[in-house]
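Enquirer: Quick one, my_file30.pdb (PDB, N, CA and C atoms):
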ATOM      1  N   MET A   1     -10.568  26.778 -13.910
ATOM      2  CA  MET A   1     -10.446  26.673 -15.351
ATOM      3  C   MET A   1      -8.986  26.502 -15.765
ATOM      4  N   ARG A   2      -8.110  27.206 -15.058
ATOM      5  CA  ARG A   2      -6.694  27.144 -15.383
ATOM      6  C   ARG A   2      -6.166  25.718 -15.191
ATOM      7  N   TYR A   3      -6.642  25.033 -14.130
ATOM      8  CA  TYR A   3      -6.171  23.677 -13.852
ATOM      9  C   TYR A   3      -6.676  22.691 -14.897
ATOM     10  N   LYS A   4      -7.884  22.905 -15.378
ATOM     11  CA  LYS A   4      -8.421  22.037 -16.422
ATOM     12  C   LYS A   4      -7.610  22.175 -17.702
ATOM     13  N   LEU A   5      -7.254  23.408 -18.032
ATOM     14  CA  LEU A   5      -6.459  23.654 -19.224
ATOM     15  C   LEU A   5      -5.068  23.033 -19.081
ATOM     16  N   THR A   6      -4.457  23.194 -17.917
ATOM     17  CA  THR A   6      -3.136  22.611 -17.659
ATOM     18  C   THR A   6      -3.194  21.094 -17.769
ATOM     19  N   PHE A   7      -4.245  20.496 -17.208
ATOM     20  CA  PHE A   7      -4.406  19.047 -17.282
ATOM     21  C   PHE A   7      -4.556  18.590 -18.730
ATOM     22  N   ALA A   8      -5.365  19.291 -19.496
ATOM     23  CA  ALA A   8      -5.595  18.922 -20.897
ATOM     24  C   ALA A   8      -4.303  19.029 -21.706
ATOM     25  N   VAL A   9      -3.527  20.074 -21.464
ATOM     26  CA  VAL A   9      -2.249  20.232 -22.171
ATOM     27  C   VAL A   9      -1.289  19.113 -21.777
ATOM     28  N   GLY A  10      -1.227  18.799 -20.489
ATOM     29  CA  GLY A  10      -0.364  17.711 -20.023
ATOM     30  C   GLY A  10      -0.771  16.372 -20.609
ATOM     31  N   LEU A  11      -2.061  16.158 -20.684
ATOM     32  CA  LEU A  11      -2.566  14.928 -21.283
ATOM     33  C   LEU A  11      -2.187  14.833 -22.761
ATOM     34  N   ALA A  12      -2.315  15.917 -23.472
ATOM     35  CA  ALA A  12      -1.971  15.932 -24.896
ATOM     36  C   ALA A  12      -0.482  15.705 -25.103
ATOM     37  N   VAL A  13       0.348  16.365 -24.302
ATOM     38  CA  VAL A  13       1.802  16.201 -24.425
ATOM     39  C   VAL A  13       2.193  14.756 -24.104
ATOM     40  N   GLY A  14       1.616  14.195 -23.059
ATOM     41  CA  GLY A  14       1.901  12.810 -22.701
ATOM     42  C   GLY A  14       1.499  11.840 -23.790
ATOM     43  N   TYR A  15       0.367  12.102 -24.412
ATOM     44  CA  TYR A  15      -0.095  11.235 -25.497
ATOM     45  C   TYR A  15       0.867  11.290 -26.683
ATOM     46  N   VAL A  16       1.271  12.502 -27.054
ATOM     47  CA  VAL A  16       2.171  12.656 -28.201
ATOM     48  C   VAL A  16       3.515  11.992 -27.923
ATOM     49  N   LEU A  17       4.065  12.236 -26.745
ATOM     50  CA  LEU A  17       5.355  11.623 -26.416
ATOM     51  C   LEU A  17       5.233  10.108 -26.331
ATOM     52  N   GLY A  18       4.127   9.626 -25.793
ATOM     53  CA  GLY A  18       3.915   8.187 -25.685
ATOM     54  C   GLY A  18       3.798   7.512 -27.034
ATOM     55  N   THR A  19       3.118   8.153 -27.954
ATOM     56  CA  THR A  19       2.969   7.534 -29.274
ATOM     57  C   THR A  19       4.269   7.595 -30.063
ATOM     58  N   ARG A  20       5.071   8.602 -29.813
ATOM     59  CA  ARG A  20       6.368   8.671 -30.516
ATOM     60  C   ARG A  20       7.322   7.605 -30.010
ATOM     61  N   ALA A  21       7.255   7.314 -28.713
ATOM     62  CA  ALA A  21       8.144   6.290 -28.163
ATOM     63  C   ALA A  21       7.786   4.922 -28.730
ATOM     64  N   GLY A  22       6.514   4.686 -28.936
ATOM     65  CA  GLY A  22       6.079   3.463 -29.578
ATOM     66  C   GLY A  22       6.034   2.253 -28.677
ATOM     67  N   ARG A  23       5.592   1.174 -29.244
ATOM     68  CA  ARG A  23       5.400  -0.081 -28.526
ATOM     69  C   ARG A  23       6.723  -0.699 -28.091
ATOM     70  N   GLU A  24       7.764  -0.541 -28.899
ATOM     71  CA  GLU A  24       9.065  -1.132 -28.562
ATOM     72  C   GLU A  24       9.596  -0.569 -27.250
ATOM     73  N   ARG A  25       9.525   0.729 -27.102
ATOM     74  CA  ARG A  25      10.018   1.355 -25.877
ATOM     75  C   ARG A  25       9.185   0.922 -24.678
ATOM     76  N   TYR A  26       7.881   0.795 -24.892
ATOM     77  CA  TYR A  26       7.004   0.327 -23.816
ATOM     78  C   TYR A  26       7.407  -1.071 -23.370
ATOM     79  N   GLU A  27       7.631  -1.950 -24.319
ATOM     80  CA  GLU A  27       8.028  -3.319 -23.986
ATOM     81  C   GLU A  27       9.386  -3.347 -23.293
ATOM     82  N   GLN A  28      10.295  -2.478 -23.714
ATOM     83  CA  GLN A  28      11.614  -2.397 -23.096
ATOM     84  C   GLN A  28      11.494  -1.950 -21.637
ATOM     85  N   LEU A  29      10.682  -0.937 -21.370
ATOM     86  CA  LEU A  29      10.468  -0.469 -20.000
ATOM     87  C   LEU A  29       9.803  -1.548 -19.148
ATOM     88  N   LYS A  30       8.853  -2.248 -19.735
ATOM     89  CA  LYS A  30       8.156  -3.312 -19.022
ATOM     90  C   LYS A  30       9.126  -4.435 -18.636
ATOM     91  N   LYS A  31      10.015  -4.801 -19.551
ATOM     92  CA  LYS A  31      10.999  -5.845 -19.289
ATOM     93  C   LYS A  31      11.965  -5.412 -18.181
ATOM     94  N   SER A  32      12.408  -4.159 -18.227
ATOM     95  CA  SER A  32      13.311  -3.645 -17.191
ATOM     96  C   SER A  32      12.643  -3.641 -15.828
ATOM     97  N   ALA A  33      11.392  -3.231 -15.778
ATOM     98  CA  ALA A  33      10.656  -3.205 -14.512
ATOM     99  C   ALA A  33      10.494  -4.613 -13.952
ATOM    100  N   ARG A  34      10.237  -5.574 -14.811
ATOM    101  CA  ARG A  34      10.090  -6.963 -14.369
ATOM    102  C   ARG A  34      11.409  -7.482 -13.812
ATOM    103  N   GLN A  35      12.525  -7.161 -14.460
ATOM    104  CA  GLN A  35      13.835  -7.611 -13.982
ATOM    105  C   GLN A  35      14.149  -7.023 -12.614
ATOM    106  N   VAL A  36      13.824  -5.751 -12.423
ATOM    107  CA  VAL A  36      14.059  -5.122 -11.121
ATOM    108  C   VAL A  36      13.191  -5.786 -10.057
ATOM    109  N   ALA A  37      11.929  -6.045 -10.374
ATOM    110  CA  ALA A  37      11.014  -6.639  -9.407
ATOM    111  C   ALA A  37      11.428  -8.065  -9.036
ATOM    112  N   GLN A  38      12.081  -8.779  -9.932
ATOM    113  CA  GLN A  38      12.493 -10.147  -9.661
ATOM    114  C   GLN A  38      13.881 -10.241  -9.031
ATOM    115  N   ASN A  39      14.550  -9.128  -8.870
ATOM    116  CA  ASN A  39      15.867  -9.106  -8.257
ATOM    117  C   ASN A  39      15.741  -9.521  -6.782
ATOM    118  N   PRO A  40      16.537 -10.502  -6.326
ATOM    119  CA  PRO A  40      16.426 -10.954  -4.936
ATOM    120  C   PRO A  40      16.665  -9.847  -3.905
ATOM    121  N   ALA A  41      17.567  -8.938  -4.177
ATOM    122  CA  ALA A  41      17.828  -7.856  -3.230
ATOM    123  C   ALA A  41      16.606  -6.951  -3.095
ATOM    124  N   VAL A  42      15.956  -6.668  -4.203
ATOM    125  CA  VAL A  42      14.756  -5.829  -4.178
ATOM    126  C   VAL A  42      13.636  -6.552  -3.445
ATOM    127  N   ARG A  43      13.485  -7.847  -3.708
ATOM    128  CA  ARG A  43      12.428  -8.624  -3.043
ATOM    129  C   ARG A  43      12.664  -8.687  -1.541
ATOM    130  N   ASN A  44      13.915  -8.905  -1.120
ATOM    131  CA  ASN A  44      14.219  -8.951   0.311
ATOM    132  C   ASN A  44      13.953  -7.611   0.980
ATOM    133  N   THR A  45      14.337  -6.542   0.316
ATOM    134  CA  THR A  45      14.103  -5.209   0.871
ATOM    135  C   THR A  45      12.614  -4.924   0.988
ATOM    136  N   ALA A  46      11.856  -5.310  -0.001
ATOM    137  CA  ALA A  46      10.404  -5.095   0.035
ATOM    138  C   ALA A  46       9.767  -5.899   1.159
ATOM    139  N   GLU A  47      10.201  -7.140   1.356
ATOM    140  CA  GLU A  47       9.651  -7.967   2.424
ATOM    141  C   GLU A  47      10.019  -7.404   3.795
ATOM    142  N   THR A  48      11.247  -6.927   3.942
ATOM    143  CA  THR A  48      11.664  -6.316   5.201
ATOM    144  C   THR A  48      10.837  -5.069   5.495
ATOM    145  N   ALA A  49      10.625  -4.259   4.486
ATOM    146  CA  ALA A  49       9.815  -3.053   4.667
ATOM    147  C   ALA A  49       8.380  -3.417   5.043
ATOM    148  N   ALA A  50       7.828  -4.452   4.431
ATOM    149  CA  ALA A  50       6.472  -4.880   4.756
ATOM    150  C   ALA A  50       6.387  -5.388   6.184
ATOM    151  N   GLN A  51       7.389  -6.140   6.605
ATOM    152  CA  GLN A  51       7.422  -6.653   7.975
ATOM    153  C   GLN A  51       7.493  -5.511   8.984
ATOM    154  N   GLN A  52       8.367  -4.559   8.737
ATOM    155  CA  GLN A  52       8.483  -3.411   9.640
ATOM    156  C   GLN A  52       7.198  -2.595   9.656
ATOM    157  N   GLY A  53       6.564  -2.462   8.518
ATOM    158  CA  GLY A  53       5.294  -1.744   8.458
ATOM    159  C   GLY A  53       4.229  -2.426   9.292
ATOM    160  N   ARG A  54       4.166  -3.763   9.242
ATOM    161  CA  ARG A  54       3.204  -4.497  10.060
ATOM    162  C   ARG A  54       3.500  -4.312  11.548
ATOM    163  N   GLN A  55       4.791  -4.325  11.911
ATOM    164  CA  GLN A  55       5.150  -4.136  13.321
ATOM    165  C   GLN A  55       4.748  -2.749  13.808
ATOM    166  N   TYR A  56       5.064  -1.723  13.037
ATOM    167  CA  TYR A  56       4.708  -0.360  13.433
ATOM    168  C   TYR A  56       3.201  -0.160  13.467
ATOM    169  N   ALA A  57       2.494  -0.775  12.531
ATOM    170  CA  ALA A  57       1.034  -0.661  12.528
ATOM    171  C   ALA A  57       0.445  -1.323  13.768
ATOM    172  N   GLY A  58       1.000  -2.460  14.162
ATOM    173  CA  GLY A  58       0.529  -3.127  15.381
ATOM    174  C   GLY A  58       0.765  -2.292  16.621
ATOM    175  N   LYS A  59       1.944  -1.692  16.712
ATOM    176  CA  LYS A  59       2.247  -0.834  17.859
ATOM    177  C   LYS A  59       1.323   0.377  17.891
ATOM    178  N   ALA A  60       1.109   0.990  16.737
ATOM    179  CA  ALA A  60       0.230   2.156  16.670
ATOM    180  C   ALA A  60      -1.203   1.767  17.012
ATOM    181  N   TYR A  61      -1.638   0.610  16.547
ATOM    182  CA  TYR A  61      -2.991   0.132  16.822
ATOM    183  C   TYR A  61      -3.211   0.005  18.322
ATOM    184  N   HIS A  62      -2.255  -0.626  19.015
ATOM    185  CA  HIS A  62      -2.402  -0.814  20.455
ATOM    186  C   HIS A  62      -2.315   0.506  21.216
ATOM    187  N   ALA A  63      -1.416   1.376  20.798
ATOM    188  CA  ALA A  63      -1.282   2.667  21.485
ATOM    189  C   ALA A  63      -2.542   3.511  21.323
ATOM    190  N   VAL A  64      -3.087   3.551  20.144
ATOM    191  CA  VAL A  64      -4.288   4.350  19.899
ATOM    192  C   VAL A  64      -5.490   3.748  20.609
ATOM    193  N   SER A  65      -5.635   2.423  20.558
ATOM    194  CA  SER A  65      -6.795   1.808  21.188
ATOM    195  C   SER A  65      -6.756   1.973  22.700
ATOM    196  N   GLU A  66      -5.565   1.988  23.305
ATOM    197  CA  GLU A  66      -5.473   2.205  24.751
ATOM    198  C   GLU A  66      -5.828   3.641  25.126
ATOM    199  N   LYS A  67      -5.395   4.607  24.324
ATOM    200  CA  LYS A  67      -5.626   6.012  24.661
ATOM    201  C   LYS A  67      -7.025   6.491  24.304
ATOM    202  N   VAL A  68      -7.592   5.947  23.252
ATOM    203  CA  VAL A  68      -8.866   6.450  22.766
ATOM    204  C   VAL A  68     -10.021   5.537  23.170
ATOM    205  N   GLY A  69      -9.707   4.376  23.695
ATOM    206  CA  GLY A  69     -10.714   3.366  23.981
ATOM    207  C   GLY A  69     -11.896   3.853  24.787
ATOM    208  N   GLU A  70     -11.680   4.634  25.840
ATOM    209  CA  GLU A  70     -12.785   5.071  26.699
ATOM    210  C   GLU A  70     -13.599   6.191  26.068
ATOM    211  N   ARG A  71     -13.052   6.900  25.127
ATOM    212  CA  ARG A  71     -13.719   8.080  24.576
ATOM    213  C   ARG A  71     -14.465   7.838  23.281
ATOM    214  N   MET A  72     -14.387   6.661  22.733
ATOM    215  CA  MET A  72     -15.078   6.413  21.471
ATOM    216  C   MET A  72     -16.464   5.825  21.741
ATOM    217  N   PRO A  73     -17.361   5.960  20.778
ATOM    218  CA  PRO A  73     -18.705   5.394  20.944
ATOM    219  C   PRO A  73     -18.648   3.882  21.176
ATOM    220  N   GLU A  74     -19.626   3.351  21.886
ATOM    221  CA  GLU A  74     -19.628   1.935  22.245
ATOM    222  C   GLU A  74     -19.624   1.020  21.024
ATOM    223  N   SER A  75     -20.301   1.420  19.961
ATOM    224  CA  SER A  75     -20.329   0.566  18.771
ATOM    225  C   SER A  75     -18.929   0.417  18.173
ATOM    226  N   MET A  76     -18.183   1.501  18.158
ATOM    227  CA  MET A  76     -16.832   1.442  17.625
ATOM    228  C   MET A  76     -15.907   0.715  18.603
ATOM    229  N   ALA A  77     -16.089   0.925  19.883
ATOM    230  CA  ALA A  77     -15.256   0.251  20.885
ATOM    231  C   ALA A  77     -15.442  -1.260  20.797
ATOM    232  N   GLY A  78     -16.673  -1.710  20.561
ATOM    233  CA  GLY A  78     -16.917  -3.142  20.408
ATOM    234  C   GLY A  78     -16.200  -3.715  19.207
ATOM    235  N   ARG A  79     -16.201  -2.964  18.134
ATOM    236  CA  ARG A  79     -15.505  -3.417  16.918
ATOM    237  C   ARG A  79     -14.003  -3.519  17.166
ATOM    238  N   VAL A  80     -13.434  -2.535  17.846
ATOM    239  CA  VAL A  80     -11.999  -2.556  18.150
ATOM    240  C   VAL A  80     -11.680  -3.734  19.047
ATOM    241  N   ARG A  81     -12.520  -3.978  20.059
ATOM    242  CA  ARG A  81     -12.286  -5.114  20.949
ATOM    243  C   ARG A  81     -12.320  -6.437  20.183
ATOM    244  N   SER A  82     -13.287  -6.578  19.274
ATOM    245  CA  SER A  82     -13.382  -7.835  18.526
ATOM    246  C   SER A  82     -12.169  -8.029  17.620
ATOM    247  N   LEU A  83     -11.696  -6.957  17.010
ATOM    248  CA  LEU A  83     -10.493  -7.070  16.184
ATOM    249  C   LEU A  83      -9.271  -7.404  17.032
ATOM    250  N   LYS A  84      -9.201  -6.812  18.210
ATOM    251  CA  LYS A  84      -8.075  -7.060  19.107
ATOM    252  C   LYS A  84      -8.076  -8.519  19.557
ATOM    253  N   GLU A  85      -9.247  -9.047  19.904
ATOM    254  CA  GLU A  85      -9.345 -10.445  20.318
ATOM    255  C   GLU A  85      -9.012 -11.383  19.162
ATOM    256  N   ARG A  86      -9.498 -11.050  17.977
ATOM    257  CA  ARG A  86      -9.227 -11.895  16.818
ATOM    258  C   ARG A  86      -7.735 -11.935  16.521
ATOM    259  N   SER A  87      -7.073 -10.791  16.613
ATOM    260  CA  SER A  87      -5.636 -10.778  16.330
ATOM    261  C   SER A  87      -4.854 -11.500  17.415
ATOM    262  N   ALA A  88      -5.359 -11.509  18.652
ATOM    263  CA  ALA A  88      -4.670 -12.216  19.728
ATOM    264  C   ALA A  88      -4.820 -13.731  19.581
ATOM    265  N   HIS A  89      -5.994 -14.193  19.111
ATOM    266  CA  HIS A  89      -6.243 -15.625  18.988
ATOM    267  C   HIS A  89      -5.769 -16.194  17.663
ATOM    268  N   ASN A  90      -5.652 -15.354  16.662
ATOM    269  CA  ASN A  90      -5.320 -15.831  15.316
ATOM    270  C   ASN A  90      -3.973 -15.252  14.929
ATOM    271  N   GLY A  91      -2.893 -15.965  15.180
ATOM    272  CA  GLY A  91      -1.560 -15.435  14.943
ATOM    273  C   GLY A  91      -1.085 -15.515  13.519
ATOM    274  N   ARG A  92      -1.881 -16.108  12.620
ATOM    275  CA  ARG A  92      -1.364 -16.312  11.270
ATOM    276  C   ARG A  92      -1.566 -15.121  10.353
ATOM    277  N   GLY A  93      -2.399 -14.169  10.688
ATOM    278  CA  GLY A  93      -2.609 -13.015   9.822
ATOM    279  C   GLY A  93      -3.431 -11.948  10.502
ATOM    280  N   ASP A  94      -3.534 -10.812   9.884
ATOM    281  CA  ASP A  94      -4.332  -9.733  10.453
ATOM    282  C   ASP A  94      -5.706  -9.708   9.803
ATOM    283  N   GLU A  95      -6.534  -8.704  10.151
ATOM    284  CA  GLU A  95      -7.904  -8.671   9.669
ATOM    285  C   GLU A  95      -8.009  -8.392   8.171
ATOM    286  N   TRP A  96      -6.908  -8.056   7.515
ATOM    287  CA  TRP A  96      -6.933  -7.823   6.080
ATOM    288  C   TRP A  96      -6.476  -9.036   5.300
ATOM    289  N   GLY A  97      -6.113 -10.098   6.001
ATOM    290  CA  GLY A  97      -5.727 -11.315   5.318
ATOM    291  C   GLY A  97      -4.262 -11.402   4.947
ATOM    292  N   THR A  98      -3.454 -10.483   5.447
ATOM    293  CA  THR A  98      -2.028 -10.549   5.133
ATOM    294  C   THR A  98      -1.330 -11.433   6.148
ATOM    295  N   SER A  99      -0.247 -12.036   5.744
ATOM    296  CA  SER A  99       0.466 -12.956   6.643
ATOM    297  C   SER A  99       1.508 -12.179   7.440
ATOM    298  N   ASN A 100       1.970 -12.798   8.488
ATOM    299  CA  ASN A 100       3.004 -12.189   9.332
ATOM    300  C   ASN A 100       4.352 -12.817   9.058
ATOM    301  N   THR A 101       4.643 -13.104   7.822
ATOM    302  CA  THR A 101       5.922 -13.731   7.478
ATOM    303  C   THR A 101       6.990 -12.703   7.303
TER     304      THR A 101
END
Any chance you could put this one into structure tokens?

Expert:
Amino acid sequence: MRYKLTFAVGLAVGYVLGTRAGRERYEQLKKSARQVAQNPAVRNTAETAAQQGRQYAGKAYHAVSEKVGERMPESMAGRVRSLKERSAHNGRGDEWGTSNT
């Protein structure tokens, strides 16, 4: 009950502060966020982080599949094998449709 009350109070305070700031402040924040997102340094950093994340995910995928492969149920092992084969034959993206750029 205490958490529900805290949430309701927080919601009310946020609503009041949001309405006092008004539409102008919202548009100003939106414009600032867009400028930051379009900054080349921010875009390069985000792409580098995404690339490193894909590399680490690939390494973790292979390490886990090698260690757990014999102990998982056959239905799951077949799925892992098919994903592994697909990623080996299809170098342009992973099973989620993301590119490796």

Enquirer: Between atom CA of Tyr61 of chain A and atom CA of Arg81 of chain A, what distance in Å does the model show, to one decimal?

Expert: 11.4 Å

Enquirer: Identify, with DSSP run on backbone atoms, the residues in chain A assigned to helix (DSSP H, G or I), and express the list as a count of residues only.

Expert: 85

Enquirer: Rounded to one decimal, what separation in Å do you get between atom C of Ala57 of chain A and atom C of Met72 of chain A?

Expert: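 Atom C of Ala57 of chain A sits 20.0 Å away from atom C of Met72 of chain A.
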
Enquirer: Quick one, how far is atom CA of Arg86 of chain A from atom N of Ser65 of chain A?

Expert: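 The value is 15.2 Å.
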
Enquirer: When you count only C-alpha atoms, which of these residues is closest to Glu66 of chain A: A:Ala21, A:Ala50, A:Val80, A:Ala41?

Expert: A:Val80

Enquirer: If you take every atom of segment 41-46 of chain A that the file lists and fit an axis-aligned box around them with 3 Å extra on each side, what centre and edge lengths come out in Å to one decimal, as lines of an AutoDock Vina configuration file?

Expert:
center_x = 13.8
center_y = -6.9
center_z = -1.5
size_x = 14.1
size_y = 10.0
size_z = 11.4
